[in-house]
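*Asks:* What follows is structure27.cif, mmCIF, C-alpha atoms and all ligand atoms.
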```cif
data_final
loop_
_atom_site.label_atom_id
_atom_site.label_comp_id
_atom_site.auth_asym_id
_atom_site.auth_seq_id
_atom_site.Cartn_x
_atom_site.Cartn_y
_atom_site.Cartn_z
CA MET A 2 -56.65 43.74 -26.28
CA ARG A 3 -54.95 40.93 -24.25
CA ILE A 4 -51.81 39.51 -25.84
CA LEU A 5 -49.38 36.80 -24.73
CA VAL A 6 -45.88 37.22 -26.19
CA VAL A 7 -43.94 33.93 -26.12
CA GLY A 8 -40.17 34.53 -26.01
CA GLN A 9 -38.22 37.51 -24.74
CA GLY A 10 -35.24 37.81 -27.04
CA ILE A 11 -34.94 41.04 -29.00
CA ALA A 12 -38.03 40.12 -31.08
CA GLY A 13 -40.33 39.55 -28.08
CA THR A 14 -38.86 42.54 -26.24
CA ALA A 15 -39.41 44.95 -29.15
CA LEU A 16 -42.90 43.64 -29.86
CA ALA A 17 -44.01 43.74 -26.21
CA TRP A 18 -42.68 47.30 -25.95
CA ALA A 19 -44.55 48.42 -29.09
CA LEU A 20 -47.76 46.80 -27.81
CA LEU A 21 -47.54 48.17 -24.26
CA ARG A 22 -46.91 51.67 -25.61
CA ARG A 23 -50.14 51.40 -27.57
CA GLY A 24 -52.09 50.44 -24.45
CA ALA A 25 -52.43 46.67 -25.01
CA HIS A 26 -52.56 44.27 -22.04
CA VAL A 27 -49.46 42.16 -22.48
CA HIS A 28 -47.87 39.21 -20.71
CA VAL A 29 -44.44 37.97 -21.79
CA ALA A 30 -43.34 34.36 -21.20
CA ASP A 31 -39.77 33.08 -21.42
CA ALA A 32 -37.96 30.19 -19.75
CA ASP A 33 -34.35 30.96 -20.77
CA LEU A 34 -34.19 28.03 -23.17
CA PRO A 35 -30.80 26.92 -24.59
CA HIS A 36 -28.95 28.59 -27.50
CA PRO A 37 -30.78 31.94 -27.80
CA ALA A 38 -29.34 34.35 -30.37
CA SER A 39 -29.84 37.69 -28.63
CA THR A 40 -27.55 37.09 -25.66
CA ALA A 41 -24.69 35.96 -27.94
CA ALA A 42 -25.04 38.91 -30.33
CA ALA A 43 -22.99 42.09 -30.38
CA GLY A 44 -26.11 44.01 -31.45
CA LEU A 45 -24.24 45.78 -34.23
CA ILE A 46 -26.08 47.71 -36.94
CA ASN A 47 -23.71 47.94 -39.89
CA PRO A 48 -25.03 50.02 -42.82
CA VAL A 49 -22.72 48.57 -45.50
CA THR A 50 -21.75 44.88 -45.49
CA GLY A 51 -20.28 42.04 -47.51
CA LYS A 52 -17.40 41.83 -49.92
CA PHE A 53 -19.33 43.95 -52.45
CA TYR A 54 -19.93 46.72 -49.90
CA VAL A 55 -23.70 46.73 -50.30
CA LYS A 56 -26.11 48.81 -48.22
CA THR A 57 -28.18 46.79 -45.76
CA TRP A 58 -31.83 46.16 -46.83
CA ARG A 59 -33.87 49.40 -46.33
CA TYR A 60 -31.21 50.75 -43.97
CA ASP A 61 -32.15 54.42 -44.61
CA GLU A 62 -35.72 53.71 -43.53
CA PHE A 63 -35.04 51.31 -40.64
CA PHE A 64 -32.15 53.12 -38.95
CA PRO A 65 -34.06 56.26 -37.80
CA VAL A 66 -36.87 54.06 -36.48
CA ALA A 67 -34.34 51.96 -34.52
CA ARG A 68 -32.59 55.01 -33.09
CA ARG A 69 -35.90 56.51 -31.92
CA PHE A 70 -37.18 53.20 -30.56
CA TYR A 71 -34.11 52.41 -28.45
CA ALA A 72 -33.87 56.04 -27.25
CA GLU A 73 -37.42 55.80 -25.97
CA ILE A 74 -36.61 52.60 -24.07
CA GLU A 75 -33.43 54.17 -22.68
CA ALA A 76 -35.43 57.13 -21.36
CA ALA A 77 -38.22 55.01 -19.88
CA LEU A 78 -36.00 52.40 -18.22
CA GLY A 79 -33.08 54.67 -17.29
CA ILE A 80 -30.49 52.59 -19.15
CA ARG A 81 -27.87 53.27 -21.85
CA ILE A 82 -28.02 50.66 -24.60
CA TRP A 83 -27.34 52.60 -27.84
CA SER A 84 -23.92 53.77 -29.00
CA GLU A 85 -22.96 55.03 -32.45
CA ALA A 86 -19.61 54.12 -33.97
CA ARG A 87 -17.56 53.97 -37.17
CA VAL A 88 -16.73 50.66 -38.82
CA LEU A 89 -13.19 50.50 -40.26
CA ARG A 90 -12.13 47.92 -42.84
CA PRO A 91 -8.61 47.43 -44.19
CA LEU A 92 -8.28 48.24 -47.91
CA ASP A 93 -5.43 45.77 -48.10
CA THR A 94 -5.53 44.77 -51.77
CA PRO A 95 -5.69 46.96 -54.91
CA LYS A 96 -9.11 45.42 -55.69
CA ALA A 97 -10.48 46.26 -52.24
CA ALA A 98 -9.22 49.85 -52.55
CA ASN A 99 -10.67 50.24 -56.08
CA ASP A 100 -14.06 48.76 -55.20
CA TRP A 101 -14.26 50.92 -52.08
CA ASP A 102 -13.36 54.00 -54.08
CA ALA A 103 -16.10 53.20 -56.59
CA ARG A 104 -18.67 52.84 -53.79
CA CYS A 105 -17.59 56.16 -52.25
CA GLY A 106 -18.41 57.80 -55.60
CA ASP A 107 -22.00 56.44 -55.55
CA PRO A 108 -24.37 59.23 -54.34
CA ALA A 109 -26.45 56.68 -52.36
CA TYR A 110 -23.36 55.89 -50.27
CA ALA A 111 -21.63 59.30 -50.10
CA ARG A 112 -22.96 60.16 -46.63
CA LEU A 113 -21.83 56.83 -45.22
CA LEU A 114 -18.41 56.05 -46.68
CA GLY A 115 -14.94 57.53 -46.57
CA VAL A 116 -11.25 56.62 -46.41
CA CYS A 117 -8.75 57.07 -43.55
CA ALA A 118 -4.98 56.81 -43.43
CA ASP A 119 -4.92 54.77 -40.23
CA ALA A 120 -7.16 53.01 -37.72
CA GLY A 121 -6.89 55.68 -35.00
CA LEU A 122 -6.54 54.27 -31.47
CA TRP A 123 -6.57 50.74 -32.85
CA GLN A 124 -3.48 51.26 -35.03
CA PRO A 125 -0.68 50.35 -32.55
CA MET A 126 -2.50 47.10 -31.71
CA LEU A 127 -2.74 45.84 -35.32
CA THR A 128 -0.51 44.01 -37.78
CA TYR A 129 -1.90 45.86 -40.84
CA ASN A 130 -0.68 49.39 -41.37
CA GLY A 131 -2.24 50.81 -44.54
CA LEU A 132 -5.36 52.49 -45.90
CA TRP A 133 -8.79 51.96 -44.25
CA GLY A 134 -12.34 52.27 -45.51
CA GLU A 135 -14.55 54.08 -43.00
CA THR A 136 -18.32 53.49 -42.65
CA ARG A 137 -20.35 56.03 -40.69
CA GLY A 138 -23.92 55.47 -39.47
CA ALA A 139 -23.22 52.26 -37.55
CA ALA A 140 -24.50 51.65 -34.02
CA ARG A 141 -24.47 49.00 -31.33
CA VAL A 142 -27.39 47.97 -29.13
CA ASP A 143 -26.48 46.36 -25.81
CA PHE A 144 -28.89 43.41 -26.00
CA PRO A 145 -28.02 41.75 -22.66
CA GLN A 146 -28.63 44.98 -20.76
CA LEU A 147 -31.83 45.75 -22.69
CA LEU A 148 -33.24 42.26 -22.17
CA SER A 149 -32.53 42.13 -18.44
CA ALA A 150 -33.77 45.68 -17.77
CA PHE A 151 -36.98 45.06 -19.72
CA ARG A 152 -37.56 41.74 -17.96
CA ALA A 153 -37.18 43.46 -14.57
CA HIS A 154 -39.58 46.21 -15.75
CA LEU A 155 -42.18 43.60 -16.75
CA ALA A 156 -41.68 41.59 -13.55
CA ARG A 157 -42.27 44.67 -11.38
CA GLN A 158 -45.71 45.00 -12.97
CA GLY A 159 -46.50 41.28 -12.78
CA LEU A 160 -46.36 40.96 -16.58
CA PHE A 161 -43.51 38.45 -16.86
CA LEU A 162 -44.06 34.68 -16.70
CA PHE A 163 -41.03 32.42 -16.31
CA GLN A 164 -42.61 29.63 -18.29
CA LYS A 165 -42.01 27.48 -21.35
CA ILE A 166 -45.13 27.61 -23.51
CA MET A 167 -45.46 24.20 -25.16
CA PRO A 168 -48.17 23.70 -27.85
CA GLU A 169 -50.65 22.12 -25.38
CA GLU A 170 -50.11 25.01 -22.97
CA ALA A 171 -50.64 27.53 -25.79
CA LEU A 172 -53.97 25.89 -26.63
CA ARG A 173 -54.95 25.91 -22.96
CA VAL A 174 -54.10 29.58 -22.30
CA ALA A 175 -55.42 30.81 -25.66
CA ALA A 176 -58.86 31.35 -24.08
CA ASP A 177 -57.36 33.99 -21.76
CA TYR A 178 -55.95 36.09 -24.61
CA ASP A 179 -57.08 37.68 -27.87
CA ALA A 180 -53.75 36.75 -29.47
CA VAL A 181 -50.69 34.63 -28.69
CA VAL A 182 -47.58 35.81 -30.55
CA PHE A 183 -44.67 33.38 -30.81
CA CYS A 184 -41.29 35.16 -30.80
CA GLU A 185 -39.29 32.00 -30.20
CA GLY A 186 -36.16 32.63 -32.26
CA TRP A 187 -34.80 29.38 -33.77
CA ARG A 188 -37.39 27.34 -31.85
CA GLY A 189 -39.99 28.79 -34.21
CA ALA A 190 -38.77 26.10 -36.63
CA LEU A 191 -40.22 23.46 -34.24
CA ASN A 192 -43.58 25.17 -33.70
CA PRO A 193 -46.35 22.84 -34.99
CA PHE A 194 -48.75 25.76 -35.59
CA PHE A 195 -46.38 27.17 -38.25
CA PRO A 196 -45.18 24.22 -40.37
CA ASN A 197 -43.21 24.34 -43.64
CA LEU A 198 -41.59 27.74 -43.30
CA PRO A 199 -38.33 28.33 -45.20
CA TRP A 200 -36.00 28.25 -42.19
CA ARG A 201 -32.28 28.06 -42.81
CA LEU A 202 -30.96 28.26 -39.25
CA THR A 203 -27.36 29.23 -38.57
CA ALA A 204 -25.29 28.52 -35.48
CA GLY A 205 -22.64 31.06 -34.60
CA GLU A 206 -20.13 32.01 -31.97
CA ALA A 207 -18.04 34.92 -30.84
CA LEU A 208 -15.08 35.19 -28.48
CA LEU A 209 -14.80 37.85 -25.82
CA ILE A 210 -11.21 38.93 -25.32
CA ARG A 211 -9.52 41.52 -23.12
CA LEU A 212 -6.91 43.55 -24.96
CA LYS A 213 -3.86 44.37 -22.86
CA ALA A 214 -2.76 47.61 -24.48
CA PRO A 215 -2.80 51.13 -23.01
CA GLY A 216 -5.37 52.52 -25.50
CA ALA A 217 -7.74 49.53 -25.27
CA PRO A 218 -10.27 50.94 -22.74
CA SER A 219 -10.76 54.03 -24.97
CA LEU A 220 -11.50 52.12 -28.21
CA ARG A 221 -14.82 53.05 -29.86
CA ASP A 222 -14.45 52.14 -33.56
CA VAL A 223 -15.48 48.74 -34.82
CA LEU A 224 -12.98 46.86 -37.03
CA LYS A 225 -14.09 44.56 -39.82
CA LYS A 226 -11.67 42.19 -41.49
CA ASN A 227 -13.12 38.72 -42.08
CA LEU A 228 -14.76 39.02 -38.66
CA LEU A 229 -15.84 41.97 -36.54
CA PHE A 230 -13.86 43.38 -33.60
CA ILE A 231 -16.36 45.31 -31.46
CA PRO A 232 -15.10 47.17 -28.37
CA LEU A 233 -17.48 46.83 -25.42
CA SER A 234 -15.93 48.46 -22.33
CA ASP A 235 -12.75 48.35 -20.24
CA GLY A 236 -10.70 46.77 -23.02
CA LEU A 237 -13.21 43.97 -23.62
CA VAL A 238 -13.67 43.21 -27.31
CA TRP A 239 -16.30 40.97 -28.93
CA VAL A 240 -14.74 39.10 -31.86
CA GLY A 241 -17.07 37.25 -34.22
CA ALA A 242 -19.10 35.83 -35.55
CA THR A 243 -18.94 32.44 -37.23
CA TYR A 244 -21.76 31.00 -39.38
CA ARG A 245 -22.70 27.33 -39.80
CA HIS A 246 -25.95 26.01 -41.16
CA TRP A 247 -27.69 23.95 -38.54
CA SER A 248 -30.90 21.97 -38.39
CA PRO A 249 -32.79 20.97 -35.24
CA THR A 250 -32.36 17.32 -36.34
CA ASP A 251 -28.53 17.74 -36.11
CA PRO A 252 -26.70 17.21 -32.81
CA VAL A 253 -26.52 20.30 -30.57
CA PRO A 254 -23.75 22.43 -32.08
CA ALA A 255 -20.54 22.52 -30.05
CA PRO A 256 -18.95 26.00 -30.07
CA ASN A 257 -16.14 26.14 -32.64
CA THR A 258 -13.80 29.09 -32.38
CA ALA A 259 -11.04 27.93 -34.76
CA ALA A 260 -11.89 30.60 -37.37
CA ILE A 261 -11.87 33.26 -34.66
CA GLU A 262 -8.47 32.14 -33.38
CA GLU A 263 -7.10 32.34 -36.94
CA GLU A 264 -8.45 35.85 -37.35
CA LEU A 265 -7.00 36.98 -34.01
CA ALA A 266 -3.56 35.71 -35.03
CA CYS A 267 -3.81 37.52 -38.37
CA VAL A 268 -5.16 40.89 -37.14
CA LEU A 269 -3.75 41.61 -33.66
CA ARG A 270 -0.24 42.29 -32.53
CA ALA A 271 -1.26 43.53 -29.06
CA PRO A 272 -1.44 40.88 -26.30
CA PHE A 273 -4.86 39.77 -25.11
CA GLU A 274 -6.55 37.19 -22.93
CA ARG A 275 -9.55 35.07 -23.80
CA VAL A 276 -12.47 35.81 -21.48
CA SER A 277 -15.42 33.71 -22.70
CA VAL A 278 -17.20 32.23 -25.69
CA ALA A 279 -20.71 33.33 -26.65
CA SER A 280 -22.75 31.11 -28.93
CA GLY A 281 -26.29 30.94 -30.22
CA ILE A 282 -28.54 29.95 -33.10
CA ARG A 283 -29.85 32.62 -35.42
CA PRO A 284 -33.45 32.46 -36.69
CA THR A 285 -32.32 32.82 -40.31
CA VAL A 286 -34.63 32.36 -43.28
CA ARG A 287 -33.88 31.32 -46.88
CA ASP A 288 -34.78 34.71 -48.41
CA ARG A 289 -33.35 36.65 -45.42
CA ARG A 290 -36.61 38.40 -44.59
CA PRO A 291 -38.57 38.35 -41.30
CA LEU A 292 -41.52 36.01 -40.80
CA LEU A 293 -44.73 37.75 -39.65
CA GLY A 294 -48.30 36.52 -39.70
CA SER A 295 -50.95 34.23 -38.28
CA SER A 296 -51.21 30.44 -38.19
CA ALA A 297 -53.33 28.80 -40.88
CA GLN A 298 -54.56 26.40 -38.16
CA ARG A 299 -55.37 28.89 -35.37
CA SER A 300 -56.10 32.46 -36.40
CA GLU A 301 -55.38 33.79 -32.88
CA PHE A 302 -51.80 32.40 -33.00
CA PHE A 303 -49.20 34.68 -34.61
CA MET A 304 -45.50 34.55 -35.35
CA PHE A 305 -43.01 37.43 -35.10
CA ASN A 306 -39.67 35.92 -36.03
CA GLY A 307 -37.01 35.49 -38.75
CA LEU A 308 -34.89 38.50 -37.74
CA GLY A 309 -31.91 36.47 -38.94
CA THR A 310 -28.53 38.15 -38.63
CA LYS A 311 -29.92 41.65 -38.14
CA GLY A 312 -32.15 41.71 -35.08
CA ALA A 313 -30.83 45.06 -33.83
CA LEU A 314 -31.87 46.95 -36.96
CA LEU A 315 -34.99 44.99 -37.91
CA ALA A 316 -36.73 44.44 -34.55
CA PRO A 317 -37.96 48.02 -33.95
CA TYR A 318 -39.42 48.66 -37.42
CA TRP A 319 -41.12 45.28 -37.72
CA ALA A 320 -42.34 45.32 -34.11
CA GLU A 321 -44.16 48.58 -34.85
CA HIS A 322 -45.54 47.04 -38.05
CA MET A 323 -46.70 43.89 -36.21
CA ALA A 324 -48.25 45.92 -33.37
CA GLN A 325 -50.29 47.93 -35.89
CA HIS A 326 -51.41 44.69 -37.50
CA LEU A 327 -52.46 43.13 -34.19
CA LEU A 328 -54.18 46.16 -32.73
CA LYS A 329 -55.53 47.99 -35.78
CA GLY A 330 -55.81 45.20 -38.33
CA SER A 331 -53.49 46.94 -40.79
CA ALA A 332 -52.17 44.73 -43.60
CA LEU A 333 -48.80 43.05 -43.25
CA SER A 334 -46.21 43.90 -45.87
CA PRO A 335 -45.98 41.20 -48.59
CA GLU A 336 -42.20 41.22 -48.05
CA VAL A 337 -42.53 39.60 -44.62
CA ARG A 338 -45.80 37.66 -44.72
CA LEU A 339 -45.56 33.96 -43.92
CA ASP A 340 -47.30 32.98 -47.15
CA ARG A 341 -44.86 34.83 -49.45
CA ILE A 342 -42.88 31.70 -50.38
C1 LIG A 401 -22.99 34.87 -32.50
C2 LIG A 401 -24.09 35.78 -32.98
C3 LIG A 401 -23.79 37.10 -33.28
C4 LIG A 401 -24.78 37.98 -33.72
N1 LIG A 401 -24.47 39.30 -33.93
C5 LIG A 401 -25.45 40.18 -34.27
C6 LIG A 401 -25.18 41.56 -34.41
O1 LIG A 401 -24.06 42.03 -34.16
N2 LIG A 401 -26.20 42.39 -34.77
C7 LIG A 401 -27.46 41.93 -34.99
O2 LIG A 401 -28.35 42.73 -35.33
N3 LIG A 401 -27.75 40.62 -34.87
C8 LIG A 401 -26.78 39.74 -34.53
N4 LIG A 401 -27.07 38.41 -34.39
C9 LIG A 401 -28.44 37.97 -34.75
C10 LIG A 401 -29.40 38.30 -33.61
O3 LIG A 401 -28.91 37.72 -32.46
C11 LIG A 401 -30.81 37.81 -33.95
O4 LIG A 401 -31.29 38.49 -35.10
C12 LIG A 401 -31.79 38.08 -32.80
O5 LIG A 401 -31.18 37.97 -31.57
C13 LIG A 401 -32.98 37.13 -32.86
O6 LIG A 401 -33.78 37.42 -31.73
P1 LIG A 401 -35.06 36.57 -31.36
O7 LIG A 401 -35.71 37.27 -30.24
O8 LIG A 401 -35.85 36.29 -32.58
O9 LIG A 401 -34.49 35.14 -30.89
P2 LIG A 401 -33.72 34.72 -29.54
O10 LIG A 401 -32.76 35.74 -29.14
O11 LIG A 401 -33.19 33.35 -29.79
O12 LIG A 401 -34.85 34.69 -28.44
C14 LIG A 401 -35.85 33.71 -28.36
C15 LIG A 401 -36.34 33.65 -26.92
O13 LIG A 401 -37.53 32.90 -26.86
C16 LIG A 401 -37.49 32.03 -25.75
N5 LIG A 401 -38.39 30.91 -26.12
C17 LIG A 401 -38.37 30.19 -27.26
N6 LIG A 401 -39.40 29.33 -27.29
C18 LIG A 401 -40.08 29.50 -26.14
C19 LIG A 401 -41.25 28.89 -25.60
N7 LIG A 401 -41.95 27.96 -26.27
N8 LIG A 401 -41.68 29.28 -24.37
C20 LIG A 401 -41.00 30.23 -23.68
N9 LIG A 401 -39.90 30.85 -24.16
C21 LIG A 401 -39.44 30.50 -25.38
C22 LIG A 401 -36.03 31.65 -25.59
O14 LIG A 401 -35.76 31.26 -24.25
C23 LIG A 401 -35.35 32.96 -25.99
O15 LIG A 401 -35.14 33.79 -24.86
C24 LIG A 401 -26.10 37.51 -33.93
C25 LIG A 401 -26.40 36.19 -33.62
C26 LIG A 401 -25.42 35.32 -33.15
C27 LIG A 401 -25.77 33.90 -32.81
#
```
Is it possible to give me this structure as structure tokens?
*Replies:*
Amino acid sequence: MRILVVGQGIAGTALAWALLRRGAHVHVADADLPHPASTAAAGLINPVTGKFYVKTWRYDEFFPVARRFYAEIEAALGIRIWSEARVLRPLDTPKAANDWDARCGDPAYARLLGVCADAGLWQPMLTYNGLWGETRGAARVDFPQLLSAFRAHLARQGLFLFQKIMPEEALRVAADYDAVVFCEGWRGALNPFFPNLPWRLTAGEALLIRLKAPGAPSLRDVLKKNLLFIPLSDGLVWVGATYRHWSPTDPVPAPNTAAIEEELACVLRAPFERVSVASGIRPTVRDRRPLLGSSAQRSEFFMFNGLGTKGALLAPYWAEHMAQHLLKGSALSPEVRLDRI
């Protein structure tokens, strides 16, 4: 089967990988269009989130698939993109400590949650010095490295097209393929073959800082206060992210790091320097579920999108699901079908 994948963020990358592994003939097109989500993202998979400490949707099922999927890519491409970590959150009010304690007592969470007396290597760099909630089973996927290594892998085999596929172009090239799958991130909201989908796009930014403290290069744990502090390497820390609803009819969003600056002032006592700002637009959907399926206008046009705020965890599972649908005709789950709402 010949398939054109349009877009090479994490969605297009995961889908193209799943298709190639099953023996499909795949081309991937991308033209590095403005405001992608994947290159701004930290790629964190956090099993328990929000102020109510709730387990991420189908985490127990999706996480092992993601770990296997990225490990396979690591082995095939000779890269290291997956690292597991703890997420530490300050239990800095009696309510936070009580609620955390209650969650720790829930058998569905017992394997994941615990309490620690300090924040380990982070502690001397922080203003808060009390009890911490610990979440195990988190991981980070290095999206920028994955995307560039996979693009180089495709290019070596002549499978990558540096090209923007506009609707007229899609109609023109459709004859050369059995299926064209649009993995366009937020630009999916502009695609005329898939009108009236429940998009609720969100712009976001993160700040990269370099911590100037002796223990900084050895940091591994992720901190979560209002925002996330995610150590990358050599003392570099990704701090984010902000969320603002955005519509393609609004002006192009200017990066706004005020909330990040506030958080830095509140959390850190160690000195740091600002390195760069990363910003992008997330393909978020009203009911926070992916968008998979074919166009009502052109049955050979498909969408694989709507990974929202959780591309790192969702992309592998749903890419496998979409690949089975495309190649074997298996039914799409009603949870993600385009016609569910
Ligand atoms: C600041 C920020 C922080 C985030 N942090 C995390 C996190 O820690 N963990 C996590 O799991 N998720 C995170 N996310 C969400 C995550 O980034 C998304 O879920 C994911 O990246 C979406 O990937 P995508 O491939 O659908 O879209 P994108 O990454 O936007 O990729 C779309 C690609 O398609 C290309 N394209 C679009 N249209 C066309 C066309 N017509 N022709 C050719 N090419 C086209 C674009 O150039 C782009 O490369 C974050 C997002 C942001 C903005």
*Asks:* Quick one: 8 Å padding each side, axis-aligned, all listed atoms of region 131-148 of chain A - centre and edge lengths in Å to one decimal, as AutoDock Vina command-line options?
*Replies:*
```
--center_x -17.7 --center_y 48.9 --center_z -33.3 --size_x 47.0 --size_y 30.3 --size_z 41.1
```
*Asks:* Which neighbours of region 133-146 of chain A fall inside 9 Å, counting only C-alpha atoms, when residues of the same chain fewer than 6 positions from it are skipped, and could you give them as a count of residues only?
*Replies:* 45
*Asks:* Give me, as a PyMOL selection string, the set of residues whose atoms come within 7 Å of any atom of ligand LIG 401 (chain A), counting only C-alpha atoms and all ligand atoms.
*Replies:* chain A and resi 7-13+30-46+164-167+184-189+204-207+241-243+279-284+306-314
*Asks:* Residues near Gln325 (chain A), anyone? I mean within 12 Å using only C-alpha atoms, not counting same-chain ones fewer than 2 positions away, as a list in words.
*Replies:* Leu16, Ala19, Leu20, Leu21, Arg22, Arg23, Gly24, Ala25, Tyr318, Trp319, Ala320, Glu321, His322, Met323, Leu327, Leu328, Lys329, Gly330, Ser331, Ala332, Leu333 and Ser334 of chain A
*Asks:* From the list A:Gly106, A:Gly51, A:Gly236, A:Pro193, which residue is nearest Ala271 (chain A) when using all atoms listed in the file?
*Replies:*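 Checking each of A:Gly106, A:Gly51, A:Gly236, A:Pro193 against Ala271 (chain A), counting all atoms listed in the file, the winner is A:Gly236.
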*Asks:* Given the point (-7.9, 43.8, -24.0) in the coordinates of this file, which residues lie within 6 Å, counting only C-alpha atoms, and how would they look as an NGL selection string?
*Replies:* :A and (211-213 or 217 or 236-237 or 273)
*Asks:* Which residue gives the smallest distance to Ser296 (chain A) among A:Val276, A:Val182, A:Leu229, A:Ala266, with only C-alpha atoms counted?
*Replies:* A:Val182
*Asks:* As an exercise, work out the distance from CA of Arg290 (chain A) to CA of Thr250 (chain A) in Å and give it to one decimal place.
*Replies:*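 Computed distance, CA of Arg290 (chain A) to CA of Thr250 (chain A), equals 23.0 Å.
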*Asks:* Between A:Asn130, A:Thr285, A:Ser277, A:Thr203, which one has atoms that come closest to Arg245 (chain A), using all atoms listed in the file?
*Replies:* A:Thr203
*Asks:* Please measure the separation of CA of Cys105 (chain A) and CA of Asn227 (chain A), giving the value in Å to one decimal.
*Replies:*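 Going from CA of Cys105 (chain A) over to CA of Asn227 (chain A), I get 20.7 Å.
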*Asks:* What gap, in Å, lies between CA of Pro65 (chain A) and CA of Trp123 (chain A)?
*Replies:* 28.5 Å
*Asks:* Quick one: everything within 12 Å of Asp235 (chain A), counting all atoms listed in the file, minus sequence neighbours fewer than 3 positions away in the same chain. Send it as a CSV table (one decimal) with C-alpha atoms, in the frame of the given file.
*Replies:*
```csv
chain,number,residue,atom,x,y,z
A,210,ILE,CA,-11.2,38.9,-25.3
A,211,ARG,CA,-9.5,41.5,-23.1
A,212,LEU,CA,-6.9,43.6,-25.0
A,213,LYS,CA,-3.9,44.4,-22.9
A,214,ALA,CA,-2.8,47.6,-24.5
A,215,PRO,CA,-2.8,51.1,-23.0
A,216,GLY,CA,-5.4,52.5,-25.5
A,217,ALA,CA,-7.7,49.5,-25.3
A,218,PRO,CA,-10.3,50.9,-22.7
A,219,SER,CA,-10.8,54.0,-25.0
A,220,LEU,CA,-11.5,52.1,-28.2
A,221,ARG,CA,-14.8,53.0,-29.9
A,232,PRO,CA,-15.1,47.2,-28.4
A,238,VAL,CA,-13.7,43.2,-27.3
A,239,TRP,CA,-16.3,41.0,-28.9
```
*Asks:* Which residue is closest to Val240 (chain A)? Choose from A:Asp107, A:Glu264, A:Asp179, A:Glu301 and count all atoms listed in the file.
*Replies:*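 For Val240 (chain A), the nearest of the candidates is A:Glu264.
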*Asks:* For Lys226 (chain A), which of A:Arg201, A:Arg270, A:Lys52, A:His28 is the closest residue, counting only C-alpha atoms?
*Replies:*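 Between A:Arg201, A:Arg270, A:Lys52, A:His28, the residue approaching Lys226 (chain A) most closely is A:Lys52.
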*Asks:* A:Cys267, A:Ala17, A:Ala97, A:Met304: which is nearest His154 (chain A), counting all atoms listed in the file?
*Replies:* A:Ala17
*Asks:* Write out as a PDB file with C-alpha atoms, keeping the file's coordinate frame each polymer residue whose atoms come within 10 Å of Thr50 (chain A), counting all atoms listed in the file; drop sequence neighbours fewer than 6 positions from it.
*Replies:*
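Just written: selection.pdb:
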```
ATOM      1  CA  LYS A  56     -26.110  48.810 -48.220  1.00  0.00           C
ATOM      2  CA  THR A  57     -28.180  46.790 -45.760  1.00  0.00           C
ATOM      3  CA  THR A 136     -18.320  53.490 -42.650  1.00  0.00           C
ATOM      4  CA  LYS A 225     -14.090  44.560 -39.820  1.00  0.00           C
TER       5      LYS A 225
END
```
*Asks:* Starting from the incomplete input, reconstruct N, CA and C atoms of region 321-332 of chain A and report them as a PDB file, in the frame of the given file.
*Replies:*
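See out38.pdb below for the written result:
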```pdb
ATOM      1  N   GLU A 321     -43.121  47.551 -34.671  1.00  0.00           N
ATOM      2  CA  GLU A 321     -44.160  48.580 -34.850  1.00  0.00           C
ATOM      3  C   GLU A 321     -45.191  48.102 -35.888  1.00  0.00           C
ATOM      4  N   HIS A 322     -44.684  47.535 -36.963  1.00  0.00           N
ATOM      5  CA  HIS A 322     -45.540  47.040 -38.050  1.00  0.00           C
ATOM      6  C   HIS A 322     -46.474  45.933 -37.529  1.00  0.00           C
ATOM      7  N   MET A 323     -45.908  45.011 -36.750  1.00  0.00           N
ATOM      8  CA  MET A 323     -46.700  43.890 -36.210  1.00  0.00           C
ATOM      9  C   MET A 323     -47.722  44.394 -35.193  1.00  0.00           C
ATOM     10  N   ALA A 324     -47.331  45.379 -34.375  1.00  0.00           N
ATOM     11  CA  ALA A 324     -48.250  45.920 -33.370  1.00  0.00           C
ATOM     12  C   ALA A 324     -49.447  46.580 -34.054  1.00  0.00           C
ATOM     13  N   GLN A 325     -49.196  47.299 -35.135  1.00  0.00           N
ATOM     14  CA  GLN A 325     -50.290  47.930 -35.890  1.00  0.00           C
ATOM     15  C   GLN A 325     -51.223  46.863 -36.454  1.00  0.00           C
ATOM     16  N   HIS A 326     -50.617  45.783 -36.921  1.00  0.00           N
ATOM     17  CA  HIS A 326     -51.410  44.690 -37.500  1.00  0.00           C
ATOM     18  C   HIS A 326     -52.303  44.054 -36.416  1.00  0.00           C
ATOM     19  N   LEU A 327     -51.706  43.803 -35.256  1.00  0.00           N
ATOM     20  CA  LEU A 327     -52.460  43.130 -34.190  1.00  0.00           C
ATOM     21  C   LEU A 327     -53.563  44.013 -33.627  1.00  0.00           C
ATOM     22  N   LEU A 328     -53.238  45.287 -33.447  1.00  0.00           N
ATOM     23  CA  LEU A 328     -54.180  46.160 -32.730  1.00  0.00           C
ATOM     24  C   LEU A 328     -55.133  46.905 -33.649  1.00  0.00           C
ATOM     25  N   LYS A 329     -54.685  47.181 -34.873  1.00  0.00           N
ATOM     26  CA  LYS A 329     -55.530  47.990 -35.780  1.00  0.00           C
ATOM     27  C   LYS A 329     -55.974  47.211 -37.014  1.00  0.00           C
ATOM     28  N   GLY A 330     -55.434  46.012 -37.161  1.00  0.00           N
ATOM     29  CA  GLY A 330     -55.810  45.200 -38.330  1.00  0.00           C
ATOM     30  C   GLY A 330     -55.180  45.682 -39.625  1.00  0.00           C
ATOM     31  N   SER A 331     -54.118  46.482 -39.548  1.00  0.00           N
ATOM     32  CA  SER A 331     -53.490  46.940 -40.790  1.00  0.00           C
ATOM     33  C   SER A 331     -52.798  45.772 -41.484  1.00  0.00           C
ATOM     34  N   ALA A 332     -52.706  45.866 -42.812  1.00  0.00           N
ATOM     35  CA  ALA A 332     -52.170  44.730 -43.600  1.00  0.00           C
ATOM     36  C   ALA A 332     -50.679  44.570 -43.351  1.00  0.00           C
TER      37      ALA A 332
END
```
